[in-house]
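S.K.: Have a peek at upload-v6.cif (mmCIF, C-alpha atoms).
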```
data_work
loop_
_atom_site.label_atom_id
_atom_site.label_comp_id
_atom_site.auth_asym_id
_atom_site.auth_seq_id
_atom_site.Cartn_x
_atom_site.Cartn_y
_atom_site.Cartn_z
CA MET A 261 -24.55 2.75 -0.50
CA ALA A 262 -22.79 3.26 -3.82
CA VAL A 263 -19.02 2.81 -4.02
CA GLN A 264 -17.41 6.02 -5.27
CA LEU A 265 -13.77 5.39 -4.32
CA VAL A 266 -11.73 2.16 -4.30
CA GLY A 267 -8.38 1.78 -2.54
CA ILE A 268 -6.23 -1.04 -3.93
CA ASP A 269 -3.20 -2.66 -2.30
CA VAL A 270 -0.37 -3.92 -4.54
CA ASP A 271 1.50 -7.00 -3.32
CA GLY A 272 -0.79 -9.97 -2.85
CA THR A 273 -3.72 -7.95 -4.18
CA LEU A 274 -3.08 -6.18 -7.48
CA VAL A 275 0.07 -8.23 -8.14
CA GLY A 276 0.36 -11.97 -7.47
CA SER A 277 3.16 -14.51 -7.47
CA SER A 278 3.55 -14.18 -11.25
CA GLY A 279 4.70 -10.59 -10.77
CA GLU A 280 2.07 -9.43 -13.26
CA VAL A 281 -1.37 -7.85 -13.00
CA ASN A 282 -4.14 -10.09 -14.34
CA PRO A 283 -5.55 -8.50 -17.55
CA ARG A 284 -9.06 -8.81 -16.06
CA VAL A 285 -8.12 -6.15 -13.55
CA TRP A 286 -7.16 -3.51 -16.11
CA GLU A 287 -10.38 -4.15 -18.04
CA ALA A 288 -12.51 -3.81 -14.90
CA ALA A 289 -10.57 -0.72 -13.83
CA GLY A 290 -11.33 0.96 -17.14
CA ILE A 291 -15.05 0.27 -16.76
CA ALA A 292 -15.03 1.52 -13.17
CA ARG A 293 -13.41 4.81 -14.21
CA GLU A 294 -15.96 5.21 -17.00
CA LYS A 295 -18.69 4.84 -14.36
CA GLY A 296 -17.11 7.66 -12.35
CA ILE A 297 -15.47 5.55 -9.63
CA HIS A 298 -12.17 6.93 -8.32
CA LEU A 299 -9.37 4.33 -8.13
CA ALA A 300 -6.50 4.88 -5.70
CA LEU A 301 -3.41 2.74 -5.30
CA CYS A 302 -2.75 2.35 -1.56
CA SER A 303 0.54 0.55 -1.17
CA GLY A 304 3.45 0.09 1.13
CA ARG A 305 5.63 0.56 -1.93
CA PRO A 306 7.22 3.97 -2.69
CA ALA A 307 5.94 6.47 -5.25
CA PHE A 308 8.38 5.41 -7.96
CA GLY A 309 9.26 2.35 -10.00
CA LEU A 310 6.54 -0.19 -10.74
CA ALA A 311 4.14 1.14 -8.12
CA LEU A 312 4.02 4.51 -9.87
CA GLU A 313 3.32 2.76 -13.18
CA TYR A 314 0.43 0.84 -11.59
CA ALA A 315 -0.98 4.07 -10.15
CA ARG A 316 -0.83 5.81 -13.50
CA ARG A 317 -2.63 2.95 -15.17
CA LEU A 318 -5.34 2.78 -12.52
CA HIS A 319 -6.08 6.53 -12.46
CA PRO A 320 -3.54 8.78 -14.22
CA ASP A 321 -4.91 12.06 -12.87
CA GLY A 322 -5.99 10.94 -9.42
CA TRP A 323 -4.78 10.69 -5.83
CA HIS A 324 -2.70 7.69 -4.74
CA ALA A 325 -1.14 6.62 -1.44
CA PHE A 326 2.32 5.12 -1.06
CA GLN A 327 4.63 4.25 1.85
CA ASN A 328 1.70 2.92 3.94
CA GLY A 329 0.15 6.38 3.80
CA ALA A 330 3.24 8.49 4.48
CA SER A 331 3.18 9.77 0.88
CA ILE A 332 -0.10 10.81 -0.73
CA VAL A 333 0.44 12.07 -4.27
CA HIS A 334 -1.81 13.63 -6.91
CA LEU A 335 -0.35 12.43 -10.19
CA ALA A 336 -1.68 15.21 -12.40
CA THR A 337 -0.33 18.09 -10.32
CA GLY A 338 2.49 16.49 -8.37
CA THR A 339 0.95 17.70 -5.11
CA SER A 340 2.23 15.60 -2.20
CA LYS A 341 1.02 15.24 1.37
CA SER A 342 3.92 13.74 3.29
CA VAL A 343 4.53 13.14 6.99
CA PRO A 344 8.23 12.73 7.92
CA LEU A 345 9.52 10.27 10.48
CA PRO A 346 10.81 11.72 13.77
CA PRO A 347 14.57 12.38 13.31
CA ALA A 348 15.41 10.54 16.54
CA ALA A 349 13.70 7.41 15.24
CA VAL A 350 15.67 7.57 12.00
CA LYS A 351 18.96 7.85 13.89
CA SER A 352 17.98 4.90 16.07
CA PHE A 353 17.12 2.74 13.05
CA ILE A 354 20.41 3.56 11.36
CA ALA A 355 22.39 2.66 14.47
CA GLU A 356 20.51 -0.64 14.82
CA ALA A 357 21.03 -1.53 11.16
CA ARG A 358 24.75 -0.93 11.40
CA ALA A 359 25.01 -2.94 14.61
CA THR A 360 22.94 -5.94 13.47
CA GLU A 361 23.55 -5.83 9.69
CA ASN A 362 19.84 -6.42 9.16
CA VAL A 363 18.46 -4.91 5.96
CA LEU A 364 17.05 -1.41 6.52
CA GLU A 365 15.63 0.85 3.83
CA LEU A 366 14.83 4.56 4.22
CA TYR A 367 12.46 6.38 1.87
CA ASN A 368 11.51 9.93 1.00
CA ASP A 369 8.79 10.86 -1.53
CA SER A 370 10.86 10.16 -4.60
CA GLY A 371 13.87 8.12 -3.57
CA TRP A 372 15.27 5.51 -1.24
CA VAL A 373 18.53 4.29 0.23
CA THR A 374 19.97 1.19 1.83
CA GLU A 375 23.51 0.45 2.93
CA SER A 376 22.99 -3.31 2.75
CA THR A 377 24.57 -5.36 -0.01
CA ALA A 378 22.65 -8.50 1.02
CA ALA A 379 20.79 -10.56 -1.57
CA TRP A 380 17.49 -9.64 0.09
CA ALA A 381 18.15 -5.95 -0.51
CA GLU A 382 19.03 -6.54 -4.16
CA ASP A 383 15.98 -8.77 -4.70
CA HIS A 384 13.73 -6.08 -3.25
CA ALA A 385 15.17 -3.44 -5.58
CA LYS A 386 14.28 -5.71 -8.51
CA LEU A 387 10.77 -6.16 -7.11
CA LEU A 388 10.37 -2.38 -6.89
CA GLY A 389 11.71 -1.96 -10.43
CA VAL A 390 14.56 0.35 -9.41
CA LYS A 391 18.35 0.30 -9.64
CA PHE A 392 20.17 -1.42 -6.76
CA ASP A 393 22.73 1.10 -5.54
CA PRO A 394 23.78 0.68 -1.86
CA ARG A 395 25.06 3.91 -0.30
CA PRO A 396 25.21 5.64 3.11
CA PHE A 397 21.86 6.38 4.76
CA GLU A 398 22.92 9.99 5.19
CA SER A 399 22.89 10.42 1.39
CA LEU A 400 19.08 10.39 1.29
CA GLU A 401 17.93 13.91 0.43
CA GLY A 402 15.34 15.65 2.57
CA CYS A 403 13.27 13.94 5.25
CA ALA A 404 12.66 10.20 5.47
CA VAL A 405 8.94 9.46 5.52
CA ARG A 406 9.24 5.71 6.05
CA ALA A 407 11.71 3.14 7.32
CA GLN A 408 11.41 -0.51 6.34
CA TRP A 409 13.13 -3.63 7.62
CA LEU A 410 13.47 -6.87 5.64
CA LEU A 411 13.37 -9.65 8.22
CA THR A 412 12.74 -13.30 8.92
CA LEU A 413 9.38 -14.23 10.41
CA ALA A 414 10.88 -14.64 13.90
CA GLN A 415 12.64 -11.27 13.70
CA ALA A 416 9.46 -9.59 12.47
CA GLN A 417 7.37 -11.09 15.26
CA HIS A 418 9.85 -9.83 17.83
CA MET A 419 9.84 -6.33 16.33
CA MET A 420 6.05 -6.24 16.10
CA SER A 421 5.70 -7.26 19.75
CA SER A 422 7.91 -4.39 20.94
CA THR A 423 6.65 -0.89 21.71
CA HIS A 424 7.55 1.96 19.35
CA PRO A 425 6.47 5.32 20.86
CA GLY A 426 5.61 7.99 18.32
CA LEU A 427 5.53 5.52 15.43
CA GLU A 428 3.11 3.36 13.48
CA VAL A 429 4.35 -0.10 12.58
CA ALA A 430 2.94 -2.42 9.90
CA GLN A 431 3.94 -5.90 8.78
CA SER A 432 3.42 -7.10 5.21
CA THR A 433 4.56 -9.71 2.72
CA SER A 434 4.96 -10.13 -1.03
CA PRO A 435 4.32 -13.33 -3.00
CA LEU A 436 7.41 -12.44 -5.02
CA MET A 437 9.62 -12.67 -1.89
CA PRO A 438 7.82 -15.34 0.19
CA ASP A 439 10.63 -15.78 2.74
CA THR A 440 10.78 -12.07 3.60
CA GLN A 441 8.76 -10.14 6.14
CA PHE A 442 8.53 -6.38 5.55
CA VAL A 443 8.15 -4.31 8.71
CA GLY A 444 7.56 -0.65 7.96
CA PHE A 445 7.55 2.39 10.25
CA THR A 446 5.78 5.70 9.67
CA HIS A 447 4.98 8.63 11.93
CA GLU A 448 2.37 8.00 14.62
CA GLY A 449 -1.12 8.35 13.14
CA VAL A 450 0.04 7.59 9.60
CA SER A 451 -1.38 4.42 8.06
CA LYS A 452 -3.39 3.22 5.09
CA ALA A 453 -6.47 4.26 7.07
CA SER A 454 -5.33 7.88 7.36
CA ALA A 455 -4.40 7.81 3.67
CA MET A 456 -7.83 6.61 2.58
CA ARG A 457 -9.49 9.27 4.76
CA THR A 458 -7.32 11.96 3.16
CA ILE A 459 -8.07 10.79 -0.38
CA ALA A 460 -11.80 10.42 0.34
CA ALA A 461 -11.89 13.97 1.70
CA ALA A 462 -10.07 15.27 -1.38
CA TYR A 463 -12.78 13.75 -3.57
CA GLY A 464 -15.63 14.70 -1.22
CA VAL A 465 -16.57 11.05 -0.68
CA ASP A 466 -18.04 9.69 2.57
CA MET A 467 -16.08 6.79 4.07
CA GLU A 468 -19.23 4.64 3.90
CA ASP A 469 -18.94 4.90 0.11
CA VAL A 470 -15.29 3.77 0.03
CA MET A 471 -14.13 0.25 -0.85
CA TYR A 472 -10.71 -1.07 0.12
CA ILE A 473 -9.15 -4.29 -1.23
CA GLY A 474 -6.26 -5.94 0.61
CA ASP A 475 -4.61 -9.11 1.84
CA SER A 476 -2.07 -8.36 4.57
CA GLY A 477 -1.59 -6.91 8.04
CA ASN A 478 -0.80 -3.40 6.84
CA ASP A 479 -4.20 -3.32 5.09
CA LEU A 480 -6.18 -3.86 8.30
CA PRO A 481 -6.34 -0.17 9.35
CA ALA A 482 -7.90 0.79 6.01
CA LEU A 483 -10.26 -2.18 5.97
CA ARG A 484 -11.59 -1.14 9.38
CA VAL A 485 -12.55 2.41 8.37
CA VAL A 486 -14.24 1.91 4.98
CA GLY A 487 -17.82 0.96 4.26
CA HIS A 488 -16.86 -1.83 1.85
CA PRO A 489 -13.86 -3.86 3.12
CA ILE A 490 -12.82 -6.59 0.65
CA ALA A 491 -10.37 -9.46 1.25
CA MET A 492 -8.46 -11.40 -1.35
CA ALA A 493 -8.83 -15.19 -1.23
CA ASN A 494 -5.10 -15.41 -0.45
CA ALA A 495 -5.38 -12.92 2.45
CA ILE A 496 -4.27 -13.67 5.99
CA PRO A 497 -7.07 -14.92 8.28
CA MET A 498 -7.46 -11.62 10.15
CA VAL A 499 -8.07 -9.74 6.89
CA ILE A 500 -10.71 -12.25 5.81
CA GLU A 501 -12.39 -11.96 9.21
CA THR A 502 -12.42 -8.15 8.94
CA ALA A 503 -13.79 -7.99 5.39
CA LYS A 504 -17.44 -8.06 4.34
CA HIS A 505 -16.63 -9.95 1.14
CA THR A 506 -13.85 -12.25 -0.08
CA VAL A 507 -13.01 -12.28 -3.79
CA GLY A 508 -10.69 -14.38 -5.94
CA SER A 509 -6.97 -14.63 -5.35
CA ASP A 510 -4.29 -12.26 -6.59
CA ASN A 511 -3.30 -14.62 -9.40
CA GLU A 512 -6.95 -15.00 -10.42
CA GLY A 513 -7.44 -11.25 -10.74
CA GLY A 514 -9.63 -11.00 -7.66
CA VAL A 515 -9.42 -7.20 -7.78
CA ALA A 516 -11.60 -7.37 -10.90
CA ASP A 517 -14.25 -9.24 -8.88
CA ALA A 518 -14.19 -6.46 -6.28
CA LEU A 519 -14.46 -3.75 -8.91
CA GLU A 520 -17.47 -5.55 -10.37
CA ILE A 521 -19.09 -5.36 -6.91
CA ALA A 522 -18.35 -1.63 -6.83
CA ILE A 523 -19.84 -1.12 -10.30
CA ALA A 524 -22.93 -3.14 -9.35
CA SER A 525 -23.44 -0.94 -6.27
CA LEU A 526 -23.59 2.14 -8.49
CA GLU A 527 -26.05 0.52 -10.87
CA GLU A 528 -28.28 -0.67 -8.02
CA THR A 529 -28.31 2.79 -6.46
CA ALA A 530 -29.16 4.40 -9.78
CA ALA A 531 -32.01 1.90 -10.34
CA ALA A 532 -33.38 2.55 -6.86
CA ARG A 533 -33.40 6.31 -7.48
CA ARG A 534 -35.24 5.85 -10.78
CA ALA A 535 -37.84 3.69 -9.04
#
```
Using structure tokens, write down the structure from this file.

M.R.:
Amino acid sequence: MAVQLVGIDVDGTLVGSSGEVNPRVWEAAGIAREKGIHLALCSGRPAFGLALEYARRLHPDGWHAFQNGASIVHLATGTSKSVPLPPAAVKSFIAEARATENVLELYNDSGWVTESTAAWAEDHAKLLGVKFDPRPFESLEGCAVRAQWLLTLAQAQHMMSSTHPGLEVAQSTSPLMPDTQFVGFTHEGVSKASAMRTIAAAYGVDMEDVMYIGDSGNDLPALRVVGHPIAMANAIPMVIETAKHTVGSDNEGGVADALEIAIASLEETAAARRA
């Protein structure tokens, strides 16, 4: 099986605790593209700020997934495949945020909003590479495609253990905000797995020929549906158990190791065909 498409997570995968992408990764990405491998960012981050810059550098005219799969964007044409959250769920989240004062963020395809003025909210805006501008939730234009809570570990565990009818829930972390748990909600059926299926179909690639590289809980759905699941060395235990291979850590540029595996699979397949 030759890898034809690679999905790449951001926090803890493409980007480590330094906040930078190891130069090895960009070099390997360039070689992979030259070999004809499609590279797709598949992040919980929104389709703006630093995540959009990473996507453009990985594959400027390709498909990329943001918001844990709620936004799937083709950079060259601006085509977007978005699945909005149920309005009742959005209203419920807003009410809970105002009652508890926990940090809630709402996102559409191209913007976001939070009412919180907490340090966590400001730190996350810096991480995303966007202006911190708290304002009413109702000021978000159009439909919200994702809601995200910034919580302590205990709060996140409680939220993850609860039932959420009609919604998908995913927990993730960032090495740049180690004390924060991100719990994101999308419409039922929307995940990084559905995003990778959509992108693979757009390229006409079989899921057995797709690689996915991740480190956290929100990467598990995608890792379980691809033919080449790859874990970072810094990944949580469940990700490592799910993956077929484990590569170097985020700070070591482990994504480059994974891309080298993908490139080798193409070369081996080509050699076998010649034989």

S.K.: Decode the PyMOL selection byres ((chain A and resi 389) around 12) for the given file into explicit residues and return them as a ChimeraX atom specification.

M.R.: /A:279,305-314,382-388,390-392

S.K.: Can you tell me how far CA of Ala516 in chain A sits from CA of Gly444 in chain A, in Å to one decimal?

M.R.: 27.7 Å

S.K.: Need to verify the contact set: Ile496 in chain A, 7 Å, all atoms listed in the file, exclusion of same-chain residues closer than 2 positions in sequence. Can you return it as an mmCIF file with C-alpha atoms, in the coordinates of the input?

M.R.:
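Contents of the output file part_20.cif:
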```cif
data_model
loop_
_atom_site.group_PDB
_atom_site.id
_atom_site.type_symbol
_atom_site.label_atom_id
_atom_site.label_comp_id
_atom_site.auth_asym_id
_atom_site.auth_seq_id
_atom_site.Cartn_x
_atom_site.Cartn_y
_atom_site.Cartn_z
ATOM 1 C CA ASP A 475 -4.610 -9.110 1.840
ATOM 2 C CA SER A 476 -2.070 -8.360 4.570
ATOM 3 C CA ASN A 494 -5.100 -15.410 -0.450
ATOM 4 C CA MET A 498 -7.460 -11.620 10.150
ATOM 5 C CA VAL A 499 -8.070 -9.740 6.890
ATOM 6 C CA ILE A 500 -10.710 -12.250 5.810
#
```

S.K.: Which residue, A:Leu411, A:Val465, A:Ala416, A:Ala453, has the smallest gap to Thr440 in chain A when you use all atoms listed in the file?

M.R.: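 Ranked by minimum distance to Thr440 in chain A, first place goes to A:Leu411.
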
S.K.: Taking only C-alpha atoms into account, which of A:Ala430, A:Val443, A:Leu318, A:Val275 comes nearest Glu294 in chain A?

M.R.: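 Smallest distance to Glu294 in chain A is found for A:Leu318.
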
S.K.: Out of A:Ser454, A:Gln264, A:Ser434, A:Ser525, which residue has the shortest atom-to-atom distance to His298 in chain A when counting only C-alpha atoms?

M.R.: A:Gln264

S.K.: Contacts of range 507-509 of chain A at 12 Å or less, counting all atoms listed in the file, minus same-chain residues fewer than 4 places along, as a VMD selection string?

M.R.: chain A and resid 271 to 277 281 to 282 284 to 285 435 473 to 475 489 to 496 500 503 513 to 521

S.K.: What does the distance between CA of Arg316 in chain A and CA of His447 in chain A come to in Å, to one decimal place?

M.R.: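 One can read the CA of Arg316 in chain A to CA of His447 in chain A distance as 26.2 Å.
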
S.K.: Measuring atom to atom with only C-alpha atoms, identify which of A:Thr374, A:Thr529, A:Ser303, A:Asn368 is nearest to Thr433 in chain A.

M.R.: A:Ser303
